[in-house]
Amino acid sequence: MGKRDFPTRMRQDHRVKPSPFGYAAPATVEEALAVLAQVGDDAKVLAGGQSLLPILNMRLAAPAHLVDVNRLRELAYVRAEEGGVRVGALARHVDVERSVPAYDALPLLRQALQLVAHPVIRNRGTTVGSLAHADPSGEMTAVLALTGGSVVAARRGSTRTVAAADFFLGPLESALEPGELAVSAFFPSFPARTGTTFLEVARRHGDYAVCGLAAAVTLAADGTVTAARASYISVGGTPVVIDFTELLAGSAPDESGWHAAGELARQQVEPEADIHASADYRRHLVGVLTRRALGEAAGRAA
């Protein structure tokens, strides 16, 4: 494919906030991958744009090319599959949030998405795009990490599947390589008798969380705990997953167990201070939210 084989134009108006960039709007996945192969690591992919555009406006990123994938309607799907939910790269947050099959298979998706920004953002932002953005305060990163999900990355001529544990490398840094496009994400379902929840503390509803977590608790037929895990945001450069199963397995779901889990979580996280909260306050929130979330999840499992 030559340079003129895809729709493109160069922004030259220096009065706009972003730096000038080349623009391509491919019509198919194959064309998008060809464009990305051509422009390499000088490109950013535009889907919902709710995270990318502010970064461009503040010139925290200055890509030479912008590849707009909004015409790739073949990727605008939400499907309940065997073992979980698959979300295409063009599925908006609101599509996932409102999908009944997705909720039936994995209620945690809706529980988390209801806390993502505001409805106007969810109407445009994409779930896979938020994963690719790899914001350590992003709710969907915690969901992918807790479920042990994965992201499918495609490049011209090949695809690969990247597990959640390997996908988030650092703040705003994913495992996507130059020339790759995240085409879908898979969120595995939990076993039967598992309850889930997502809790967070923010200055205002819709703001980035000062601390938040997704939690899952599985109960046996006799009501005792068989598994318990949580995934935390805003307390590290990537989602922090803590498994409480060894601590809680075989015990009744009660406040003493949740308190012990909260103390364990406080000891394992290493949050940093910023203008929104001190490290000690974030660590305190980890303990409080862990107790609340595990109790709430266990209640739903019962």
# chains A, B, ... in the order shown; residues from 1 in each chain; ligands from 1
call {"tool": "residues_around", "arguments": {"residues": "A:Leu113", "least_positions_apart": "6", "cutoff": "12 Å", "atoms": "only C-alpha atoms", "output": "number ranges by chain"}}
result
A: 92-99, 103, 107, 119, 121-123, 125-127, 130, 138-143, 197-200, 206, 214
call {"tool": "residues_around", "arguments": {"residues": "stretch 236-249 of chain A", "least_positions_apart": "4", "cutoff": "7 Å", "atoms": "only C-alpha atoms", "output": "short mmCIF file (atom, residue, chain, number, x, y, z; two decimals) with N, CA and C atoms, in the first residue's frame"}}
result
data_model
loop_
_atom_site.label_atom_id
_atom_site.label_comp_id
_atom_site.auth_asym_id
_atom_site.auth_seq_id
_atom_site.Cartn_x
_atom_site.Cartn_y
_atom_site.Cartn_z
N PRO A 136 -3.53 3.92 35.37
CA PRO A 136 -3.61 3.15 36.63
C PRO A 136 -4.78 3.54 37.50
N THR A 141 -9.22 -1.34 33.86
CA THR A 141 -7.96 -2.06 34.03
C THR A 141 -8.06 -3.02 35.20
N ALA A 142 -8.74 -2.61 36.27
CA ALA A 142 -8.90 -3.48 37.43
C ALA A 142 -9.78 -4.67 37.11
N ALA A 145 -7.78 -7.17 35.09
CA ALA A 145 -6.79 -7.82 35.95
C ALA A 145 -7.46 -8.82 36.89
N LEU A 146 -8.59 -8.45 37.48
CA LEU A 146 -9.24 -9.35 38.44
C LEU A 146 -9.78 -10.60 37.76
N PHE A 168 -0.39 -4.63 31.17
CA PHE A 168 -0.13 -3.32 31.78
C PHE A 168 1.31 -3.27 32.27
N LEU A 169 2.11 -2.41 31.65
CA LEU A 169 3.54 -2.34 31.95
C LEU A 169 3.88 -1.22 32.92
N GLY A 170 3.08 -0.17 32.95
CA GLY A 170 3.34 0.98 33.81
C GLY A 170 2.29 2.03 33.56
N PRO A 171 2.39 3.18 34.23
CA PRO A 171 1.40 4.25 34.02
C PRO A 171 1.34 4.67 32.55
N VAL A 225 -16.23 -19.48 52.59
CA VAL A 225 -15.47 -18.87 51.50
C VAL A 225 -14.57 -19.90 50.84
N THR A 226 -14.61 -19.95 49.52
CA THR A 226 -13.68 -20.81 48.78
C THR A 226 -12.64 -20.00 48.01
N ALA A 227 -12.96 -18.73 47.68
CA ALA A 227 -12.01 -17.89 46.96
C ALA A 227 -12.38 -16.43 47.19
N ALA A 228 -11.36 -15.58 47.24
CA ALA A 228 -11.58 -14.13 47.40
C ALA A 228 -10.38 -13.40 46.82
N ARG A 229 -10.66 -12.43 45.95
CA ARG A 229 -9.61 -11.64 45.31
C ARG A 229 -10.07 -10.21 45.15
N ALA A 230 -9.12 -9.32 45.01
CA ALA A 230 -9.44 -7.92 44.73
C ALA A 230 -8.35 -7.33 43.85
N SER A 231 -8.74 -6.35 43.04
CA SER A 231 -7.81 -5.66 42.16
C SER A 231 -7.97 -4.16 42.39
N TYR A 232 -6.87 -3.46 42.65
CA TYR A 232 -6.90 -2.08 43.11
C TYR A 232 -6.41 -1.12 42.04
N GLY A 257 -13.08 -11.75 59.19
CA GLY A 257 -12.31 -12.12 58.00
C GLY A 257 -12.06 -10.94 57.10
N ALA A 261 -8.48 -9.28 55.97
CA ALA A 261 -8.12 -9.07 54.57
C ALA A 261 -7.75 -7.61 54.33
N GLU A 270 1.75 -0.22 47.95
CA GLU A 270 2.76 0.83 48.12
C GLU A 270 2.35 2.06 47.31
N PRO A 271 1.29 2.73 47.75
CA PRO A 271 0.81 3.90 47.00
C PRO A 271 1.77 5.08 47.12
#
call {"tool": "select_by_dssp", "arguments": {"residues": "stretch 49-236 of chain A", "states": "strand (DSSP E)", "output": "VMD selection string"}}
result
chain A and resid 65 to 68 78 to 81 84 to 88 150 to 155 158 to 163 168 to 170 173 to 174 181 to 188 194 to 201 211 to 219 225 to 233
call {"tool": "write_last_selection", "arguments": {"atoms": "C-alpha atoms", "output": "PDB file, in the first residue's frame"}}
result
ATOM      1  CA  HIS A  65       0.000  10.509  12.778  1.00  0.00           C
ATOM      2  CA  LEU A  66      -3.501   9.933  14.108  1.00  0.00           C
ATOM      3  CA  VAL A  67      -5.280   6.775  12.920  1.00  0.00           C
ATOM      4  CA  ASP A  68      -9.048   7.155  13.382  1.00  0.00           C
ATOM      5  CA  VAL A  78     -20.298  -6.932  22.813  1.00  0.00           C
ATOM      6  CA  ARG A  79     -20.700 -10.706  22.936  1.00  0.00           C
ATOM      7  CA  ALA A  80     -21.306 -13.178  25.730  1.00  0.00           C
ATOM      8  CA  GLU A  81     -19.220 -16.196  24.756  1.00  0.00           C
ATOM      9  CA  GLY A  84     -16.947 -14.860  29.478  1.00  0.00           C
ATOM     10  CA  VAL A  85     -17.581 -11.646  27.566  1.00  0.00           C
ATOM     11  CA  ARG A  86     -15.734 -10.410  24.482  1.00  0.00           C
ATOM     12  CA  VAL A  87     -15.734  -6.693  23.732  1.00  0.00           C
ATOM     13  CA  GLY A  88     -14.702  -5.271  20.381  1.00  0.00           C
ATOM     14  CA  SER A 150      -6.748 -10.737  27.889  1.00  0.00           C
ATOM     15  CA  VAL A 151      -6.411  -8.349  24.962  1.00  0.00           C
ATOM     16  CA  VAL A 152      -6.097  -9.403  21.322  1.00  0.00           C
ATOM     17  CA  ALA A 153      -3.552  -7.294  19.449  1.00  0.00           C
ATOM     18  CA  ALA A 154      -3.418  -7.412  15.666  1.00  0.00           C
ATOM     19  CA  ARG A 155      -0.758  -6.294  13.254  1.00  0.00           C
ATOM     20  CA  SER A 158      -0.713 -11.717  12.500  1.00  0.00           C
ATOM     21  CA  THR A 159      -2.477 -11.482  15.854  1.00  0.00           C
ATOM     22  CA  ARG A 160      -1.477 -12.277  19.418  1.00  0.00           C
ATOM     23  CA  THR A 161      -3.284 -12.559  22.726  1.00  0.00           C
ATOM     24  CA  VAL A 162      -1.791 -10.727  25.704  1.00  0.00           C
ATOM     25  CA  ALA A 163      -2.823 -11.782  29.211  1.00  0.00           C
ATOM     26  CA  PHE A 168      -0.129  -3.317  31.779  1.00  0.00           C
ATOM     27  CA  LEU A 169       3.536  -2.340  31.952  1.00  0.00           C
ATOM     28  CA  GLY A 170       3.337   0.978  33.810  1.00  0.00           C
ATOM     29  CA  GLU A 173       2.067   2.108  29.145  1.00  0.00           C
ATOM     30  CA  SER A 174       0.636  -1.083  27.687  1.00  0.00           C
ATOM     31  CA  LEU A 181      -4.109  -2.405  17.118  1.00  0.00           C
ATOM     32  CA  ALA A 182      -6.033  -3.718  20.140  1.00  0.00           C
ATOM     33  CA  VAL A 183      -9.027  -5.308  18.393  1.00  0.00           C
ATOM     34  CA  SER A 184     -10.830  -6.905  21.344  1.00  0.00           C
ATOM     35  CA  ALA A 185     -10.700  -7.774  25.032  1.00  0.00           C
ATOM     36  CA  PHE A 186     -11.983 -10.902  26.753  1.00  0.00           C
ATOM     37  CA  PHE A 187     -13.269 -10.844  30.337  1.00  0.00           C
ATOM     38  CA  PRO A 188     -13.689 -14.369  31.798  1.00  0.00           C
ATOM     39  CA  THR A 194     -19.436 -15.793  43.085  1.00  0.00           C
ATOM     40  CA  GLY A 195     -20.431 -12.272  44.046  1.00  0.00           C
ATOM     41  CA  THR A 196     -18.662  -9.160  42.766  1.00  0.00           C
ATOM     42  CA  THR A 197     -18.595  -5.438  43.383  1.00  0.00           C
ATOM     43  CA  PHE A 198     -16.640  -2.303  42.513  1.00  0.00           C
ATOM     44  CA  LEU A 199     -16.098   0.419  45.087  1.00  0.00           C
ATOM     45  CA  GLU A 200     -14.079   3.614  44.919  1.00  0.00           C
ATOM     46  CA  VAL A 201     -13.542   6.946  46.631  1.00  0.00           C
ATOM     47  CA  CYS A 211      -8.552   4.630  45.557  1.00  0.00           C
ATOM     48  CA  GLY A 212     -10.791   1.922  44.159  1.00  0.00           C
ATOM     49  CA  LEU A 213     -11.097  -1.817  43.797  1.00  0.00           C
ATOM     50  CA  ALA A 214     -12.946  -4.619  42.089  1.00  0.00           C
ATOM     51  CA  ALA A 215     -13.634  -7.599  44.360  1.00  0.00           C
ATOM     52  CA  ALA A 216     -14.901 -11.145  43.901  1.00  0.00           C
ATOM     53  CA  VAL A 217     -15.858 -13.686  46.572  1.00  0.00           C
ATOM     54  CA  THR A 218     -16.873 -17.294  45.881  1.00  0.00           C
ATOM     55  CA  LEU A 219     -18.813 -19.304  48.450  1.00  0.00           C
ATOM     56  CA  VAL A 225     -15.474 -18.865  51.498  1.00  0.00           C
ATOM     57  CA  THR A 226     -13.678 -20.809  48.784  1.00  0.00           C
ATOM     58  CA  ALA A 227     -12.009 -17.889  46.961  1.00  0.00           C
ATOM     59  CA  ALA A 228     -11.582 -14.132  47.396  1.00  0.00           C
ATOM     60  CA  ARG A 229      -9.608 -11.645  45.313  1.00  0.00           C
ATOM     61  CA  ALA A 230      -9.436  -7.920  44.732  1.00  0.00           C
ATOM     62  CA  SER A 231      -7.811  -5.656  42.156  1.00  0.00           C
ATOM     63  CA  TYR A 232      -6.903  -2.083  43.114  1.00  0.00           C
ATOM     64  CA  ILE A 233      -6.572   1.135  41.129  1.00  0.00           C
TER      65      ILE A 233
END
call {"tool": "atom_distance", "arguments": {"atom1": "atom CA of A:Val100", "atom2": "atom CA of A:Ala76"}}
result
16.0 Å
call {"tool": "select_by_dssp", "arguments": {"residues": "stretch 29-97 of chain A", "states": "helix (DSSP H, G or I)", "output": "VMD selection string"}}
result
chain A and resid 29 to 42 52 to 57 73 to 75 93 to 97
call {"tool": "write_last_selection", "arguments": {"atoms": "C-alpha atoms", "output": "compact mmCIF listing (two decimals), in the first residue's frame"}}
result
# COMPACT_ATOMS: atom_id res chain seq x y z
CA VAL A 29 -9.39 -3.47 9.84
CA GLU A 30 -6.99 -4.59 7.11
CA GLU A 31 -6.57 -1.02 5.93
CA ALA A 32 -6.05 0.20 9.51
CA LEU A 33 -3.31 -2.39 10.08
CA ALA A 34 -1.66 -1.38 6.80
CA VAL A 35 -1.65 2.26 7.87
CA LEU A 36 -0.22 1.37 11.29
CA ALA A 37 2.46 -0.77 9.67
CA GLN A 38 3.43 2.19 7.52
CA VAL A 39 3.54 4.90 10.20
CA GLY A 40 4.92 2.68 13.01
CA ASP A 41 5.61 4.15 16.43
CA ASP A 42 4.83 7.71 15.30
CA LEU A 52 -6.42 10.73 23.97
CA LEU A 53 -7.78 14.16 23.03
CA PRO A 54 -7.01 15.84 26.38
CA ILE A 55 -3.46 14.52 26.17
CA LEU A 56 -3.11 15.90 22.67
CA ASN A 57 -4.58 19.25 23.67
CA ARG A 73 -17.94 -0.92 12.67
CA GLU A 74 -17.05 -4.62 12.52
CA LEU A 75 -15.32 -4.05 15.88
CA HIS A 93 -18.69 1.94 27.43
CA VAL A 94 -22.44 2.44 27.32
CA ASP A 95 -22.85 -0.55 24.99
CA VAL A 96 -21.09 -2.81 27.48
CA GLU A 97 -22.86 -1.27 30.45
call {"tool": "atom_distance", "arguments": {"atom1": "atom CA of A:Gly148", "atom2": "atom CA of A:Ala301"}}
result
19.3 Å
call {"tool": "closest_residue", "arguments": {"among": "A:Arg156, A:Lys44, A:Arg193, A:His205", "to": "A:Ala220", "atoms": "only C-alpha atoms"}}
result
A:Arg193
call {"tool": "atom_distance", "arguments": {"atom1": "atom CA of A:His276", "atom2": "atom CA of A:Ala202"}}
result
9.4 Å
call {"tool": "residues_around", "arguments": {"residues": "A:Ser189", "least_positions_apart": "5", "cutoff": "7 Å", "atoms": "only C-alpha atoms", "output": "PyMOL selection string"}}
result
chain A and resi 83-84+105-106
call {"tool": "write_last_selection", "arguments": {"atoms": "N, CA and C atoms", "output": "mmCIF file, in the first residue's frame"}}
result
data_model
loop_
_atom_site.group_PDB
_atom_site.id
_atom_site.type_symbol
_atom_site.label_atom_id
_atom_site.label_comp_id
_atom_site.auth_asym_id
_atom_site.auth_seq_id
_atom_site.Cartn_x
_atom_site.Cartn_y
_atom_site.Cartn_z
ATOM 1 N N GLY A 83 -17.657 -18.944 28.612
ATOM 2 C CA GLY A 83 -16.611 -18.621 29.570
ATOM 3 C C GLY A 83 -16.391 -17.152 29.830
ATOM 4 N N GLY A 84 -17.178 -16.271 29.197
ATOM 5 C CA GLY A 84 -16.947 -14.860 29.478
ATOM 6 C C GLY A 84 -17.577 -13.926 28.476
ATOM 7 N N ALA A 105 -23.533 -12.637 32.193
ATOM 8 C CA ALA A 105 -22.299 -13.425 32.243
ATOM 9 C C ALA A 105 -21.293 -12.878 33.243
ATOM 10 N N LEU A 106 -21.268 -11.548 33.403
ATOM 11 C CA LEU A 106 -20.263 -10.925 34.265
ATOM 12 C C LEU A 106 -20.799 -9.591 34.792
#
call {"tool": "closest_residue", "arguments": {"among": "A:Leu264, A:Arg59, A:Ala209, A:Phe21", "to": "A:Leu115", "atoms": "only C-alpha atoms"}}
result
A:Ala209
